[in-house]
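Visitor: Below you'll find coords_6.cif; it's mmCIF, C-alpha atoms and all ligand atoms.
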```
data_run
#
loop_
_atom_site.label_atom_id
_atom_site.label_comp_id
_atom_site.auth_asym_id
_atom_site.auth_seq_id
_atom_site.Cartn_x
_atom_site.Cartn_y
_atom_site.Cartn_z
CA MET G 25 -18.18 15.56 -0.32
CA HIS G 26 -19.50 13.69 2.73
CA THR G 27 -17.16 13.43 5.70
CA LEU G 28 -17.92 10.92 8.43
CA THR G 29 -15.81 10.21 11.46
CA TYR G 30 -16.29 6.52 12.10
CA THR G 31 -15.83 4.63 15.37
CA PRO G 32 -16.88 0.99 15.88
CA GLU G 33 -19.42 2.04 18.55
CA GLN G 34 -21.50 3.66 15.81
CA GLY G 35 -22.15 0.31 14.15
CA HIS G 36 -22.05 -0.37 10.43
CA ASP G 37 -25.52 1.11 9.77
CA VAL G 38 -23.98 4.58 9.40
CA LEU G 39 -22.24 3.23 6.29
CA LEU G 40 -25.45 2.08 4.62
CA PRO G 41 -25.70 5.22 2.39
CA LEU G 42 -22.21 4.47 1.13
CA ALA G 43 -23.08 0.80 0.59
CA GLN G 44 -26.11 1.93 -1.42
CA ALA G 45 -23.99 4.33 -3.48
CA LEU G 46 -21.60 1.46 -4.22
CA GLY G 47 -24.40 -1.01 -4.89
CA SER G 48 -24.33 -0.82 -8.69
CA ALA G 49 -20.55 -0.58 -9.05
CA GLN G 50 -18.91 -3.32 -11.05
CA LYS G 51 -15.35 -2.22 -11.55
CA VAL G 52 -13.82 -1.33 -8.20
CA VAL G 53 -10.23 -0.37 -7.41
CA VAL G 54 -8.90 -0.49 -3.86
CA PHE G 55 -5.83 1.75 -3.72
CA THR G 56 -3.77 1.26 -0.57
CA GLY G 57 -0.83 2.82 1.24
CA ALA G 58 1.14 2.25 4.40
CA GLY G 59 -1.87 3.03 6.63
CA VAL G 60 -3.60 -0.22 5.66
CA SER G 61 -0.72 -2.14 7.25
CA ALA G 62 -0.35 0.16 10.29
CA GLU G 63 -2.63 -2.02 12.43
CA SER G 64 -0.41 -5.00 11.57
CA GLY G 65 2.43 -3.19 13.33
CA ILE G 66 4.22 -1.90 10.22
CA ALA G 67 5.35 1.72 10.45
CA THR G 68 4.00 4.30 7.99
CA PHE G 69 6.33 6.76 6.26
CA ARG G 70 4.97 10.15 7.33
CA ASN G 71 3.20 11.72 10.32
CA GLY G 72 4.26 10.71 13.79
CA ALA G 73 7.53 10.13 15.60
CA ASN G 74 7.60 6.43 14.67
CA ALA G 75 7.15 7.08 10.94
CA LEU G 76 9.97 5.72 8.77
CA TRP G 77 10.83 9.07 7.19
CA SER G 78 10.79 10.76 10.62
CA ARG G 79 13.42 8.35 11.90
CA ASN G 80 15.40 7.93 8.67
CA ASP G 81 16.51 10.17 5.84
CA ALA G 82 14.90 8.91 2.62
CA GLN G 83 17.86 10.22 0.58
CA ARG G 84 20.18 8.07 2.73
CA MET G 85 18.06 4.90 2.52
CA ALA G 86 15.84 4.93 -0.55
CA THR G 87 17.79 6.10 -3.59
CA PRO G 88 20.07 4.25 -6.04
CA GLU G 89 22.84 6.69 -5.04
CA ALA G 90 22.48 5.73 -1.38
CA PHE G 91 22.78 2.01 -2.25
CA HIS G 92 25.86 2.56 -4.41
CA ALA G 93 27.50 4.71 -1.73
CA ASN G 94 26.83 2.25 1.10
CA PRO G 95 25.20 -1.07 0.05
CA ALA G 96 25.48 -2.60 3.53
CA ARG G 97 23.69 0.28 5.28
CA VAL G 98 20.80 0.24 2.82
CA TRP G 99 20.57 -3.57 2.61
CA GLY G 100 20.61 -3.86 6.41
CA TRP G 101 17.74 -1.43 6.76
CA TYR G 102 15.62 -3.27 4.17
CA GLU G 103 16.44 -6.63 5.78
CA TYR G 104 15.18 -5.16 9.07
CA ARG G 105 11.95 -4.11 7.35
CA ARG G 106 11.64 -7.50 5.63
CA ALA G 107 12.01 -9.20 9.02
CA VAL G 108 9.29 -6.99 10.54
CA ILE G 109 6.92 -7.75 7.65
CA ALA G 110 7.62 -11.50 7.80
CA ARG G 111 6.50 -11.48 11.45
CA ALA G 112 3.40 -9.37 10.82
CA GLN G 113 -0.08 -10.73 10.11
CA PRO G 114 -2.81 -9.33 7.85
CA ASN G 115 -5.24 -7.21 9.86
CA PRO G 116 -9.06 -6.91 9.54
CA ALA G 117 -8.66 -4.28 6.80
CA HIS G 118 -6.62 -6.62 4.55
CA LEU G 119 -9.11 -9.44 5.22
CA ALA G 120 -12.16 -7.24 4.49
CA ILE G 121 -10.60 -5.98 1.24
CA ALA G 122 -10.06 -9.58 0.11
CA ALA G 123 -13.68 -10.40 1.05
CA LEU G 124 -15.02 -7.43 -0.94
CA THR G 125 -14.59 -9.51 -4.11
CA ARG G 126 -17.75 -11.37 -3.02
CA HIS G 127 -19.60 -8.15 -3.92
CA PHE G 128 -17.33 -6.89 -6.67
CA PRO G 129 -15.88 -9.79 -8.66
CA GLU G 130 -13.88 -7.36 -10.83
CA LEU G 131 -12.24 -5.67 -7.83
CA ARG G 132 -8.48 -5.11 -8.10
CA VAL G 133 -6.09 -4.04 -5.41
CA VAL G 134 -3.40 -1.52 -6.37
CA THR G 135 -0.94 -0.95 -3.54
CA GLN G 136 2.04 1.26 -2.86
CA ASN G 137 3.11 -1.16 -0.13
CA VAL G 138 6.11 -3.43 -0.44
CA ASP G 139 4.69 -6.00 1.99
CA ASP G 140 2.67 -9.08 1.00
CA LEU G 141 -0.17 -8.72 3.51
CA HIS G 142 -2.87 -8.28 0.86
CA GLU G 143 -1.81 -11.57 -0.72
CA ARG G 144 -1.67 -13.33 2.64
CA ALA G 145 -5.19 -12.05 3.36
CA GLY G 146 -6.43 -13.66 0.12
CA SER G 147 -6.34 -10.88 -2.50
CA ASN G 148 -5.23 -12.05 -5.93
CA ASP G 149 -3.37 -10.24 -8.73
CA VAL G 150 -2.34 -7.36 -6.48
CA ILE G 151 -0.49 -4.63 -8.37
CA HIS G 152 2.57 -3.45 -6.41
CA LEU G 153 3.46 -0.03 -7.79
CA HIS G 154 6.53 0.31 -5.55
CA GLY G 155 7.74 -3.29 -5.80
CA ARG G 156 8.00 -5.98 -3.13
CA LEU G 157 10.56 -6.50 -0.41
CA ASP G 158 10.62 -10.25 -1.00
CA GLN G 159 11.54 -9.88 -4.67
CA ALA G 160 15.18 -8.83 -4.58
CA ARG G 161 17.28 -8.72 -7.73
CA CYS G 162 20.86 -8.14 -8.84
CA ASP G 163 21.57 -4.43 -9.12
CA LYS G 164 23.79 -5.08 -12.17
CA CYS G 165 22.20 -7.86 -14.28
CA ALA G 166 18.65 -7.81 -12.76
CA ARG G 167 18.65 -11.56 -12.00
CA ALA G 168 15.91 -12.41 -9.50
CA PHE G 169 16.97 -13.59 -6.02
CA THR G 170 13.94 -15.40 -4.66
CA HIS G 171 16.02 -17.42 -2.18
CA LEU G 172 15.42 -14.56 0.25
CA SER G 173 12.05 -16.08 1.06
CA GLY G 174 13.15 -17.42 4.49
CA ILE G 175 12.26 -15.31 7.51
CA PRO G 176 15.36 -13.35 8.50
CA ALA G 177 16.42 -12.82 12.11
CA LEU G 178 15.17 -9.49 13.40
CA PRO G 179 18.29 -7.32 13.33
CA GLU G 180 18.53 -3.87 14.83
CA GLU G 181 17.16 -1.26 12.45
CA GLU G 182 20.47 0.48 11.80
CA VAL G 183 22.83 -2.51 11.63
CA PRO G 184 24.63 -2.72 8.26
CA ILE G 185 24.41 -6.11 6.51
CA GLN G 186 26.52 -6.88 3.47
CA PRO G 187 24.16 -7.73 0.56
CA PRO G 188 24.66 -11.07 -1.22
CA GLN G 189 26.64 -10.94 -4.44
CA CYS G 190 25.39 -12.23 -7.78
CA ALA G 191 27.50 -14.50 -10.02
CA CYS G 192 27.97 -11.49 -12.29
CA GLY G 193 29.69 -9.59 -9.47
CA GLY G 194 26.83 -7.17 -8.81
CA TYR G 195 25.19 -6.70 -5.43
CA VAL G 196 21.68 -7.94 -4.73
CA ARG G 197 19.34 -4.99 -4.07
CA PRO G 198 15.85 -4.78 -2.54
CA GLY G 199 13.03 -5.27 -5.03
CA VAL G 200 11.51 -1.88 -4.35
CA VAL G 201 11.19 1.35 -6.30
CA TRP G 202 13.49 4.05 -4.95
CA PHE G 203 13.16 7.81 -5.26
CA GLY G 204 14.35 8.83 -8.70
CA GLU G 205 13.39 5.47 -10.28
CA SER G 206 10.47 4.71 -12.58
CA LEU G 207 7.53 2.58 -11.56
CA PRO G 208 7.36 -0.88 -13.21
CA GLU G 209 5.91 0.03 -16.60
CA ASP G 210 3.42 -2.84 -16.98
CA ASP G 211 2.09 -2.33 -13.45
CA TRP G 212 1.70 1.40 -13.94
CA ASP G 213 -0.08 0.92 -17.29
CA ALA G 214 -2.44 -1.62 -15.71
CA ALA G 215 -3.12 0.65 -12.72
CA THR G 216 -3.89 3.73 -14.81
CA HIS G 217 -6.20 1.67 -17.01
CA LEU G 218 -8.05 0.32 -13.96
CA ALA G 219 -8.34 3.75 -12.29
CA GLY G 220 -9.40 5.39 -15.53
CA HIS G 221 -12.18 2.85 -16.17
CA CYS G 222 -13.50 2.02 -12.69
CA ASP G 223 -16.91 2.78 -11.22
CA ALA G 224 -15.48 3.30 -7.74
CA LEU G 225 -12.07 3.73 -6.17
CA ILE G 226 -11.50 3.23 -2.44
CA SER G 227 -8.30 4.90 -1.25
CA VAL G 228 -7.13 3.38 2.04
CA GLY G 229 -4.34 4.57 4.33
CA THR G 230 -2.33 6.77 2.01
CA SER G 231 -1.25 10.38 2.37
CA ALA G 232 -1.64 10.54 -1.44
CA MET G 233 1.46 12.72 -1.66
CA VAL G 234 3.84 10.55 -3.67
CA PHE G 235 3.44 10.78 -7.42
CA PRO G 236 2.80 9.27 -9.84
CA ALA G 237 0.90 6.75 -7.64
CA ALA G 238 -1.16 9.54 -6.04
CA GLN G 239 -2.47 10.39 -9.49
CA LEU G 240 -4.72 7.30 -9.45
CA PRO G 241 -7.57 8.56 -7.21
CA ARG G 242 -7.52 11.86 -9.06
CA LEU G 243 -7.69 10.02 -12.38
CA ALA G 244 -10.65 7.95 -11.18
CA LYS G 245 -12.44 11.12 -10.04
CA SER G 246 -11.86 12.87 -13.35
CA ASN G 247 -13.49 9.86 -15.04
CA ASN G 248 -16.60 10.18 -12.82
CA ALA G 249 -15.90 7.26 -10.53
CA THR G 250 -17.13 7.42 -6.95
CA VAL G 251 -14.03 8.06 -4.84
CA ILE G 252 -13.98 7.03 -1.19
CA GLN G 253 -11.14 7.74 1.23
CA VAL G 254 -10.44 5.85 4.46
CA ASN G 255 -7.96 7.64 6.71
CA PRO G 256 -7.96 8.87 10.32
CA ALA G 257 -6.25 12.12 9.25
CA PRO G 258 -6.96 14.76 6.60
CA THR G 259 -5.04 14.37 3.33
CA GLU G 260 -4.60 16.24 0.09
CA MET G 261 -7.24 13.93 -1.38
CA ASP G 262 -10.02 15.26 0.88
CA LEU G 263 -11.34 17.74 -1.67
CA HIS G 264 -11.41 15.16 -4.46
CA CYS G 265 -13.43 12.52 -2.57
CA ASP G 266 -17.13 11.81 -2.64
CA PHE G 267 -16.96 10.06 0.73
CA ASN G 268 -14.34 10.83 3.34
CA LEU G 269 -14.33 8.20 6.07
CA ARG G 270 -12.18 9.28 8.99
CA GLY G 271 -11.08 6.36 11.10
CA HIS G 272 -8.94 3.27 11.14
CA ALA G 273 -8.94 0.96 8.15
CA GLY G 274 -9.26 -2.06 10.46
CA ASP G 275 -12.57 -0.68 11.74
CA ILE G 276 -13.99 0.84 8.55
CA LEU G 277 -13.35 -1.85 5.94
CA PRO G 278 -15.06 -4.64 7.94
CA ALA G 279 -17.95 -2.23 8.67
CA LEU G 280 -18.25 -1.39 4.98
CA LEU G 281 -18.31 -5.10 4.16
CA ALA G 282 -21.06 -5.65 6.75
CA ALA G 283 -23.06 -2.69 5.36
CA LEU G 284 -22.78 -4.10 1.83
CA GLU G 285 -24.00 -7.48 3.08
CA ARG G 286 -26.89 -5.87 4.94
CA ASN G 287 -27.79 -3.83 1.87
CA GLN G 288 -27.70 -6.92 -0.33
CA SER G 289 -29.91 -9.00 1.95
CA ALA G 290 -32.42 -6.11 2.17
CA SER G 291 -32.74 -5.83 -1.63
P1 LIG P 301 2.33 7.65 4.29
O1 LIG P 301 3.12 7.31 5.50
O2 LIG P 301 2.71 8.87 3.53
O3 LIG P 301 0.80 7.82 4.68
C1 LIG P 301 0.16 6.85 5.48
C2 LIG P 301 -1.25 7.31 5.70
O4 LIG P 301 -1.93 6.30 6.42
C3 LIG P 301 -1.40 8.63 6.48
O5 LIG P 301 -2.25 9.50 5.76
C4 LIG P 301 -2.03 8.19 7.80
O6 LIG P 301 -2.92 9.17 8.32
C5 LIG P 301 -2.77 6.94 7.37
N1 LIG P 301 -3.02 5.96 8.44
C6 LIG P 301 -2.31 5.71 9.56
N2 LIG P 301 -2.87 4.72 10.27
C7 LIG P 301 -3.98 4.32 9.60
C8 LIG P 301 -4.98 3.34 9.83
N3 LIG P 301 -4.97 2.55 10.90
N4 LIG P 301 -5.96 3.23 8.90
C9 LIG P 301 -6.00 4.01 7.80
N5 LIG P 301 -5.07 4.95 7.54
C10 LIG P 301 -4.08 5.11 8.42
O7 LIG P 301 2.34 6.34 3.38
P2 LIG P 301 1.99 6.20 1.83
O8 LIG P 301 0.94 7.15 1.44
O9 LIG P 301 1.77 4.77 1.57
O10 LIG P 301 7.33 4.97 -1.36
O11 LIG P 301 3.36 6.65 1.19
C11 LIG P 301 3.51 6.57 -0.20
C12 LIG P 301 4.92 6.20 -0.53
O12 LIG P 301 5.84 7.10 0.13
C13 LIG P 301 5.35 4.85 -0.07
O13 LIG P 301 4.96 3.81 -0.91
C14 LIG P 301 6.84 4.98 -0.02
C15 LIG P 301 6.96 6.32 0.63
O14 LIG P 301 8.12 7.02 0.37
C16 LIG P 301 8.54 4.51 -1.63
O15 LIG P 301 9.29 4.09 -0.76
C17 LIG P 301 8.89 4.55 -3.07
#
```
Can you give me the file's structure in the form of structure tokens?
Ligand code: OAD
Guide:
Amino acid sequence: MHTLTYTPEQGHDVLLPLAQALGSAQKVVVFTGAGVSAESGIATFRNGANALWSRNDAQRMATPEAFHANPARVWGWYEYRRAVIARAQPNPAHLAIAALTRHFPELRVVTQNVDDLHERAGSNDVIHLHGRLDQARCDKCARAFTHLSGIPALPEEEVPIQPPQCACGGYVRPGVVWFGESLPEDDWDAATHLAGHCDALISVGTSAMVFPAAQLPRLAKSNNATVIQVNPAPTEMDLHCDFNLRGHAGDILPALLAALERNQSAS
């Protein structure tokens, strides 16, 4: 395992060995978590006073039981998050990940994030293992409610908002996966197939603590893929990685892209 603490002052040349190691890869998976969107101003879940699960109790906000007990509290909190995301912009990490397809045409992005910043940066066919905030549905009959696409006013984080009601009488719920719920089956099958058959997996901005999603880098490693981690902090994935890049995704992904381009023009 190679660990490198990266700062922009070092320049992208320090990533040339990694670019060379990736040079022959064809099937590449980029597996992302909340950290990839941190530099867009979207809070992560763990570590730090501003983290969502430091300020909020997950059992009170992110379970089916919590929604049934108090739909307005839960809906209001997700509307607040949807408003934050709607105002955010993709950052250099999202843009570099989208541009990596120039080198790896078979690259796929598998994200745990419920925002759409990968798509807005230009990535196609993104797999959202934990759903999407802009894809609400009826809690009772599962009808899709895409009319939520307008940008909501930015409410206070803790203000309850009554969810819309479906014609069937059910409440509309956020289109995310809550604790205790299964991942979307087709997405999970596609993600495990990709991770199990890739040449390289780049894990970006995830604590890799929430399963089953966190199984994906481990699955890639057990199938002999090169596993690279981008994170400013140590994680439980450290021991399983071939390359551990400590630093911010918005610095490292553009530098990796530049190193790949340099490597390509030299060959
Ligand atoms: P976490 O909040 O657990 O982890 C975010 C990671 O991003 C941490 O390891 C940070 O060190 C790292 N990080 C912070 N800033 C970064 C930056 N600028 N560049 C790179 N990395 C940075 O978020 P996830 O791992 O995504 O699930 O959490 C997984 C799941 O737990 C979420 O999808 C969510 C949550 O409960 C559900 O809600 C179902």
Visitor: Would you work out the distance separating CA of Asn148 (chain G) from CA of Ala122 (chain G), expressed in Å to one decimal?
Guide: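 One can read the CA of Asn148 (chain G) to CA of Ala122 (chain G) distance as 8.1 Å.
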Visitor: Output as a Markdown table one row per residue of region 143-173 of chain G within 6 Å of region 184-207 of chain G: the closest atom pair and its distance in Å to one decimal place, counting only C-alpha atoms, sorted by chain and residue number ascending.
Guide:
```
| residue | atom | partner | partner_atom | distance |
| --- | --- | --- | --- | --- |
| G:His154 | CA | G:Val201 | CA | 4.8 |
| G:Gly155 | CA | G:Val200 | CA | 4.3 |
| G:Arg156 | CA | G:Gly199 | CA | 5.4 |
| G:Leu157 | CA | G:Gly199 | CA | 5.4 |
| G:Gln159 | CA | G:Gly199 | CA | 4.9 |
| G:Ala160 | CA | G:Gly199 | CA | 4.2 |
| G:Arg161 | CA | G:Val196 | CA | 5.4 |
| G:Cys162 | CA | G:Val196 | CA | 4.2 |
| G:Asp163 | CA | G:Arg197 | CA | 5.5 |
| G:Lys164 | CA | G:Gly194 | CA | 5.0 |
```
Visitor: For each of G:Thr230, G:Gln288, G:Ser246, G:Gln239, take the minimum atom-to-atom distance to ligand LIG 301 (chain P), counting only C-alpha atoms and all ligand atoms, then give the residue where this is smallest.
Guide: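 When distances to ligand LIG 301 (chain P) are compared using only C-alpha atoms and all ligand atoms, the smallest one comes from G:Thr230.
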Visitor: I'd like to know which of G:Thr125, G:Thr216, G:Asn287, G:Thr31 is closest to Ile151 (chain G), using all atoms listed in the file.
Guide: G:Thr216
Visitor: Which residues are near Val38 (chain G)? Cut-off 10 Å, all atoms listed in the file, ignore same chain within fewer than 4 positions. Put them as a PyMOL selection string.
Guide: chain G and resi 28+30+34+42-43+279-280+283
Visitor: Can I get the selected residues back with C-alpha atoms, as a short mmCIF file (atom, residue, chain, number, x, y, z; two decimals), keeping the file's coordinate frame?
Guide:
```cif
data_model
loop_
_atom_site.label_atom_id
_atom_site.label_comp_id
_atom_site.auth_asym_id
_atom_site.auth_seq_id
_atom_site.Cartn_x
_atom_site.Cartn_y
_atom_site.Cartn_z
CA LEU G 28 -17.92 10.92 8.43
CA TYR G 30 -16.29 6.52 12.10
CA GLN G 34 -21.50 3.66 15.81
CA LEU G 42 -22.21 4.47 1.13
CA ALA G 43 -23.08 0.80 0.59
CA ALA G 279 -17.95 -2.23 8.67
CA LEU G 280 -18.25 -1.39 4.98
CA ALA G 283 -23.06 -2.69 5.36
#
```
Visitor: Which residue gives the smallest distance to Arg126 (chain G) among G:Ala45, G:Ile276, G:Val234, G:Val52, with all atoms listed in the file counted?
Guide: G:Val52
Visitor: Let me see if you get this right: every residue at most 8 Å from ligand LIG 301 (chain P), counting all atoms listed in the file, written as an mmCIF file with C-alpha atoms, keeping the file's coordinate frame.
Guide:
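In the end it all went to result.cif:
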```cif
data_model
loop_
_atom_site.group_PDB
_atom_site.id
_atom_site.type_symbol
_atom_site.label_atom_id
_atom_site.label_comp_id
_atom_site.auth_asym_id
_atom_site.auth_seq_id
_atom_site.Cartn_x
_atom_site.Cartn_y
_atom_site.Cartn_z
ATOM 1 C CA THR G 56 -3.770 1.260 -0.570
ATOM 2 C CA GLY G 57 -0.830 2.820 1.240
ATOM 3 C CA ALA G 58 1.140 2.250 4.400
ATOM 4 C CA GLY G 59 -1.870 3.030 6.630
ATOM 5 C CA VAL G 60 -3.600 -0.220 5.660
ATOM 6 C CA SER G 61 -0.720 -2.140 7.250
ATOM 7 C CA ALA G 62 -0.350 0.160 10.290
ATOM 8 C CA GLU G 63 -2.630 -2.020 12.430
ATOM 9 C CA ALA G 67 5.350 1.720 10.450
ATOM 10 C CA THR G 68 4.000 4.300 7.990
ATOM 11 C CA PHE G 69 6.330 6.760 6.260
ATOM 12 C CA ARG G 70 4.970 10.150 7.330
ATOM 13 C CA ASN G 71 3.200 11.720 10.320
ATOM 14 C CA ALA G 75 7.150 7.080 10.940
ATOM 15 C CA LEU G 76 9.970 5.720 8.770
ATOM 16 C CA TRP G 77 10.830 9.070 7.190
ATOM 17 C CA ALA G 82 14.900 8.910 2.620
ATOM 18 C CA ALA G 86 15.840 4.930 -0.550
ATOM 19 C CA GLN G 136 2.040 1.260 -2.860
ATOM 20 C CA ASN G 137 3.110 -1.160 -0.130
ATOM 21 C CA VAL G 138 6.110 -3.430 -0.440
ATOM 22 C CA HIS G 154 6.530 0.310 -5.550
ATOM 23 C CA VAL G 200 11.510 -1.880 -4.350
ATOM 24 C CA VAL G 201 11.190 1.350 -6.300
ATOM 25 C CA TRP G 202 13.490 4.050 -4.950
ATOM 26 C CA PHE G 203 13.160 7.810 -5.260
ATOM 27 C CA VAL G 228 -7.130 3.380 2.040
ATOM 28 C CA GLY G 229 -4.340 4.570 4.330
ATOM 29 C CA THR G 230 -2.330 6.770 2.010
ATOM 30 C CA SER G 231 -1.250 10.380 2.370
ATOM 31 C CA ALA G 232 -1.640 10.540 -1.440
ATOM 32 C CA MET G 233 1.460 12.720 -1.660
ATOM 33 C CA VAL G 234 3.840 10.550 -3.670
ATOM 34 C CA ALA G 237 0.900 6.750 -7.640
ATOM 35 C CA VAL G 254 -10.440 5.850 4.460
ATOM 36 C CA ASN G 255 -7.960 7.640 6.710
ATOM 37 C CA PRO G 256 -7.960 8.870 10.320
ATOM 38 C CA ALA G 257 -6.250 12.120 9.250
ATOM 39 C CA PRO G 258 -6.960 14.760 6.600
ATOM 40 C CA THR G 259 -5.040 14.370 3.330
ATOM 41 C CA GLY G 271 -11.080 6.360 11.100
ATOM 42 C CA HIS G 272 -8.940 3.270 11.140
ATOM 43 C CA ALA G 273 -8.940 0.960 8.150
ATOM 44 C CA GLY G 274 -9.260 -2.060 10.460
#
```
Visitor: List as number ranges by chain the protein and nucleic acid residues near Gly47 (chain G), meaning an atom at most 12 Å away when only C-alpha atoms are counted, but skip any in the same chain fewer than 3 places from it.
Guide: G: 40-44, 50-52, 127-128, 223-224, 250, 280-281, 283-291
Visitor: Hey, can you check how far CA of Asp266 (chain G) sits from CA of Trp212 (chain G)?
Guide: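 Computing the Euclidean distance for CA of Asp266 (chain G) and CA of Trp212 (chain G) yields 24.3 Å.
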Visitor: For Gly146 (chain G), which residue among G:Leu124, G:Leu225, G:Thr29, G:Cys165 is the nearest when counting all atoms listed in the file?
Guide: G:Leu124
